[in-house]
Every structure is written in structure tokens, then in C-alpha cells.
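First the structure, in the form of C-alpha cells, and then the observations on it.
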Amino acid sequence: MVYRKMKMATKKNIALIAHDNRKQDLLEWVKYNKGSLEKHNLFATGTTGLLVNKEVGIEVTRFKSGPLGGDQQVGAKIADNAIDFLIFLWDPMEPHPHDPDVKALLRLSVVWNIPVACNRATADFLISSPLMNEEYERLLVDYESFRNEVLG
């Protein structure tokens, strides 16, 4: 397998997404970590971004609501190397009409090897990592080279 390196700057681009039943949990987490998060660029899907800005007072670049394409917009930014980090508090107990978008977003996060937190405990561990405030080189599988090798 061939790898290439992708650099993350000291100031990370962090995407925040929360399903309806997890929005309050995310807001509490953002409030608790406001000092750390203010050092980075924040992005969020529609309502989540509005709530974070309104209730916590942090600037957030907003995308569309998740079911209206916001999850896909975040995924596109991940593929363009414009999102370094994803906090996605999804609700495992509720069916969602845009489940395929959720799965695609999580798949892209793995393909592009970005840190992902799907629960608050993982988010706590990630935000408190010393790597959050330094440059970091993540390894990416070079799928194009792999594809060319297989197809020869």
C-alpha cells in the first residue's frame, strides 16, 4: 500500500454536527471547551451552527441542514482537505431519512484519515490531545496508486 502525507495546521478546521436529540449535548460540550475551540475555525450544519453561535457566542461557518445536503457539504470539504476534524454526535436510537448521507460522511472521514468523535467521551479525549495545538501530518492511503496497481 502506498501512503502520502497530508499536513494539518496548528489551527484546525473543525466540523460540528449533531442530530436533534444530541444538540443539547453538543452545546454543553462546546460551552465547556469554548476556550480551546476559539483557537480553531469552526464549521457546522445549519441548525447546529446557528445554536452554537447564538448560545455560545462562537463564530461558525454554516452549511445547509444535514437532511438538506449539509452532511454532504461537510463531506466535500473533507475531500478537499478543508476540514481536519469532525465532531458528529449522532443519535443511534432514531432512524434518519438521510442515513446514507451520514454513512457517506463517516466513510469519507476514514478515507481522508481525519479524527472523528461520535460521542462526547471521544470528543473530550480528542480536544484535550496535545496534537490539537500543533501541526500534524496524517498518513493517507494513496487510493489512486492502489487502483492503478490493481488495474495495471
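Labels for the C-alpha cells follow display order: chains A, B, ..., residues from 1 in each chain, ligands from 1.
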Might you pull out every residue within 10 Å of Glu28 (chain A), with only C-alpha atoms counted and same-chain residues fewer than 6 positions away left off, and present them as a ChimeraX atom specification? /A:34,52,55-56,120
Could you pull out the strand (DSSP E) residues of region 74-107 of chain A, going by DSSP on the backbone, and write them as JSON, numbers by chain? {"A": [85, 86, 87, 88, 89]}
Taking 4 positions as the minimum chain separation for residues in the same chain, which residues sit within 9 Å of Val111 (chain A) when counting only C-alpha atoms? Answer as an mmCIF file with N, CA and C atoms, in the first residue's frame.
```cif
data_model
loop_
_atom_site.group_PDB
_atom_site.id
_atom_site.type_symbol
_atom_site.label_atom_id
_atom_site.label_comp_id
_atom_site.auth_asym_id
_atom_site.auth_seq_id
_atom_site.Cartn_x
_atom_site.Cartn_y
_atom_site.Cartn_z
ATOM 1 N N ALA A 79 -13.070 15.983 1.688
ATOM 2 C CA ALA A 79 -12.375 15.505 0.494
ATOM 3 C C ALA A 79 -11.480 16.571 -0.122
ATOM 4 N N LEU A 106 -19.136 9.545 7.298
ATOM 5 C CA LEU A 106 -18.218 8.779 8.145
ATOM 6 C C LEU A 106 -17.192 8.022 7.299
ATOM 7 N N ARG A 107 -17.622 7.511 6.154
ATOM 8 C CA ARG A 107 -16.686 6.826 5.256
ATOM 9 C C ARG A 107 -15.612 7.784 4.757
ATOM 10 N N LEU A 140 -2.230 9.241 4.500
ATOM 11 C CA LEU A 140 -3.379 8.896 3.675
ATOM 12 C C LEU A 140 -3.014 7.756 2.747
ATOM 13 N N VAL A 141 -3.875 6.784 2.665
ATOM 14 C CA VAL A 141 -3.685 5.738 1.669
ATOM 15 C C VAL A 141 -3.856 6.398 0.307
ATOM 16 N N TYR A 143 -5.123 5.928 -2.722
ATOM 17 C CA TYR A 143 -6.042 5.012 -3.398
ATOM 18 C C TYR A 143 -5.874 5.044 -4.915
#
```
When distances are computed from only C-alpha atoms, which of A:Gln72, A:Thr10, A:Asn41, A:Asn133 shows the smallest separation from Val102 (chain A)? A:Gln72
Nearest to Leu139 (chain A): which of A:Leu26, A:Val60, A:Ile114, A:Leu42 is it, counting only C-alpha atoms? A:Ile114
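CA of Met132 (chain A) is positioned 22.0 Å from CA of Arg62 (chain A).
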A:Glu59, A:Asp20, A:Asp71, A:Asp142 ranked by distance to Lys103 (chain A), top pick (using only C-alpha atoms): A:Asp71
If we count only C-alpha atoms, what is near Leu108 (chain A) at a cut-off of 12 Å, once residues fewer than 6 positions away on the same chain are taken out, given as a PyMOL selection string? chain A and resi 71-81+83-86+101-102+114-116+140
Generate the output file for the selected residues, N, CA and C atoms, as a short mmCIF file (atom, residue, chain, number, x, y, z; two decimals), in the first residue's frame.
```cif
data_model
loop_
_atom_site.label_atom_id
_atom_site.label_comp_id
_atom_site.auth_asym_id
_atom_site.auth_seq_id
_atom_site.Cartn_x
_atom_site.Cartn_y
_atom_site.Cartn_z
N ASP A 71 -24.66 17.54 5.41
CA ASP A 71 -23.70 16.45 5.65
C ASP A 71 -22.82 16.25 4.42
N GLN A 72 -23.44 16.34 3.25
CA GLN A 72 -22.68 16.17 2.01
C GLN A 72 -21.72 17.34 1.78
N GLN A 73 -22.14 18.55 2.18
CA GLN A 73 -21.24 19.70 2.06
C GLN A 73 -20.01 19.51 2.96
N VAL A 74 -20.22 19.02 4.17
CA VAL A 74 -19.09 18.75 5.06
C VAL A 74 -18.20 17.67 4.45
N GLY A 75 -18.81 16.62 3.90
CA GLY A 75 -18.04 15.56 3.25
C GLY A 75 -17.19 16.08 2.11
N ALA A 76 -17.75 16.99 1.32
CA ALA A 76 -16.99 17.58 0.21
C ALA A 76 -15.80 18.38 0.73
N LYS A 77 -16.00 19.09 1.84
CA LYS A 77 -14.90 19.86 2.43
C LYS A 77 -13.81 18.93 2.99
N ILE A 78 -14.22 17.78 3.52
CA ILE A 78 -13.24 16.80 3.98
C ILE A 78 -12.41 16.32 2.79
N ALA A 79 -13.07 15.98 1.69
CA ALA A 79 -12.37 15.51 0.49
C ALA A 79 -11.48 16.57 -0.12
N ASP A 80 -11.81 17.84 0.10
CA ASP A 80 -10.99 18.96 -0.41
C ASP A 80 -9.91 19.38 0.59
N ASN A 81 -9.75 18.61 1.67
CA ASN A 81 -8.77 18.90 2.72
C ASN A 81 -9.05 20.24 3.41
N ILE A 83 -11.51 20.38 5.93
CA ILE A 83 -11.96 20.02 7.28
C ILE A 83 -10.94 19.02 7.82
N ASP A 84 -10.43 19.30 9.02
CA ASP A 84 -9.39 18.47 9.64
C ASP A 84 -9.93 17.53 10.71
N PHE A 85 -11.13 17.79 11.18
CA PHE A 85 -11.56 17.20 12.44
C PHE A 85 -13.07 17.22 12.45
N LEU A 86 -13.72 16.15 12.87
CA LEU A 86 -15.18 16.08 12.87
C LEU A 86 -15.70 15.64 14.24
N ASP A 101 -26.41 9.56 3.81
CA ASP A 101 -25.51 10.71 3.87
C ASP A 101 -24.59 10.61 5.08
N VAL A 102 -25.15 10.17 6.20
CA VAL A 102 -24.38 10.01 7.44
C VAL A 102 -23.28 8.97 7.22
N ILE A 114 -9.19 11.61 9.04
CA ILE A 114 -9.33 12.72 9.97
C ILE A 114 -9.90 12.20 11.29
N PRO A 115 -9.55 12.83 12.40
CA PRO A 115 -10.11 12.43 13.68
C PRO A 115 -11.62 12.66 13.70
N VAL A 116 -12.36 11.69 14.24
CA VAL A 116 -13.81 11.77 14.32
C VAL A 116 -14.25 11.36 15.73
N LEU A 140 -2.23 9.24 4.50
CA LEU A 140 -3.38 8.90 3.68
C LEU A 140 -3.01 7.76 2.75
#
```
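Proximity to Leu131 (chain A) at 12 Å, evaluated using only C-alpha atoms and with sequence-adjacent residues fewer than 3 positions away removed, yields Met8, Ala9, Thr10, Lys11, Lys12, Phe85, Pro115, Phe125, Leu126, Ile127, Ser128, Glu134, Glu135, Tyr136, Glu137 and Arg138 of chain A.
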Region 100-152 of chain A: residues DSSP assigns to alpha helix (DSSP H), reported as a ChimeraX atom specification: /A:100-111,120-127,143-151
Same residues, C-alpha atoms, saved as an mmCIF file, in the first residue's frame:
```
data_model
loop_
_atom_site.group_PDB
_atom_site.id
_atom_site.type_symbol
_atom_site.label_atom_id
_atom_site.label_comp_id
_atom_site.auth_asym_id
_atom_site.auth_seq_id
_atom_site.Cartn_x
_atom_site.Cartn_y
_atom_site.Cartn_z
ATOM 1 C CA PRO A 100 -26.949 7.170 3.594
ATOM 2 C CA ASP A 101 -25.509 10.708 3.866
ATOM 3 C CA VAL A 102 -24.376 10.008 7.435
ATOM 4 C CA LYS A 103 -22.676 6.785 6.374
ATOM 5 C CA ALA A 104 -21.006 8.541 3.422
ATOM 6 C CA LEU A 105 -19.713 11.292 5.721
ATOM 7 C CA LEU A 106 -18.218 8.779 8.145
ATOM 8 C CA ARG A 107 -16.686 6.826 5.256
ATOM 9 C CA LEU A 108 -15.028 9.980 3.896
ATOM 10 C CA SER A 109 -13.644 10.716 7.345
ATOM 11 C CA VAL A 110 -11.934 7.327 7.312
ATOM 12 C CA VAL A 111 -10.730 7.651 3.702
ATOM 13 C CA ARG A 120 -18.812 13.062 23.990
ATOM 14 C CA ALA A 121 -16.144 10.907 25.649
ATOM 15 C CA THR A 122 -14.189 10.620 22.402
ATOM 16 C CA ALA A 123 -14.633 14.351 21.769
ATOM 17 C CA ASP A 124 -13.181 15.017 25.240
ATOM 18 C CA PHE A 125 -10.135 12.853 24.541
ATOM 19 C CA LEU A 126 -9.556 14.435 21.126
ATOM 20 C CA ILE A 127 -9.924 18.081 22.183
ATOM 21 C CA TYR A 143 -6.042 5.012 -3.398
ATOM 22 C CA GLU A 144 -5.196 6.249 -6.901
ATOM 23 C CA SER A 145 -1.854 4.404 -6.845
ATOM 24 C CA PHE A 146 -3.529 1.357 -5.333
ATOM 25 C CA ARG A 147 -6.191 1.409 -8.059
ATOM 26 C CA ASN A 148 -3.548 1.733 -10.780
ATOM 27 C CA GLU A 149 -1.582 -1.200 -9.321
ATOM 28 C CA VAL A 150 -4.674 -3.417 -9.262
ATOM 29 C CA LEU A 151 -5.848 -2.438 -12.757
#
```
Which one is closest to Gly49 (chain A): A:Ala15, A:Ser36, A:Lys31, A:Ala82? Count only C-alpha atoms. A:Ala15
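Taking CA of Pro67 (chain A) and CA of Gly46 (chain A) as endpoints, the distance between them is 9.7 Å.
Proximity of A:Ala44, A:Leu16, A:Leu37, A:Leu50 to Phe88 (chain A), computed with only C-alpha atoms, is greatest for A:Leu16.
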What is the distance between CA of Leu51 (chain A) and CA of Gln24 (chain A), in Å to one decimal?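 Between CA of Leu51 (chain A) and CA of Gln24 (chain A) the gap is 9.3 Å.
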What's around Thr45 (chain A) at 6 Å? Count only C-alpha atoms, leave out sequence neighbours fewer than 4 positions away in its own chain, and write the answer as a short mmCIF file (atom, residue, chain, number, x, y, z; two decimals) with C-alpha atoms, in the first residue's frame.
```
data_model
loop_
_atom_site.label_atom_id
_atom_site.label_comp_id
_atom_site.auth_asym_id
_atom_site.auth_seq_id
_atom_site.Cartn_x
_atom_site.Cartn_y
_atom_site.Cartn_z
CA ILE A 17 -22.76 18.14 13.59
CA GLY A 49 -24.21 26.11 13.71
CA ARG A 62 -22.68 27.27 8.49
CA PHE A 63 -23.66 24.78 5.84
CA LYS A 64 -27.17 23.64 4.98
CA SER A 65 -29.12 21.50 7.40
CA GLY A 66 -27.94 17.86 7.34
CA GLY A 70 -25.25 19.84 4.87
#
```
Counting only C-alpha atoms, which of A:Asn53, A:Asn21, A:Ile58, A:Leu68 gets nearest to Lys39 (chain A)?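 Comparing A:Asn53, A:Asn21, A:Ile58, A:Leu68 against Lys39 (chain A), the winner is A:Ile58.
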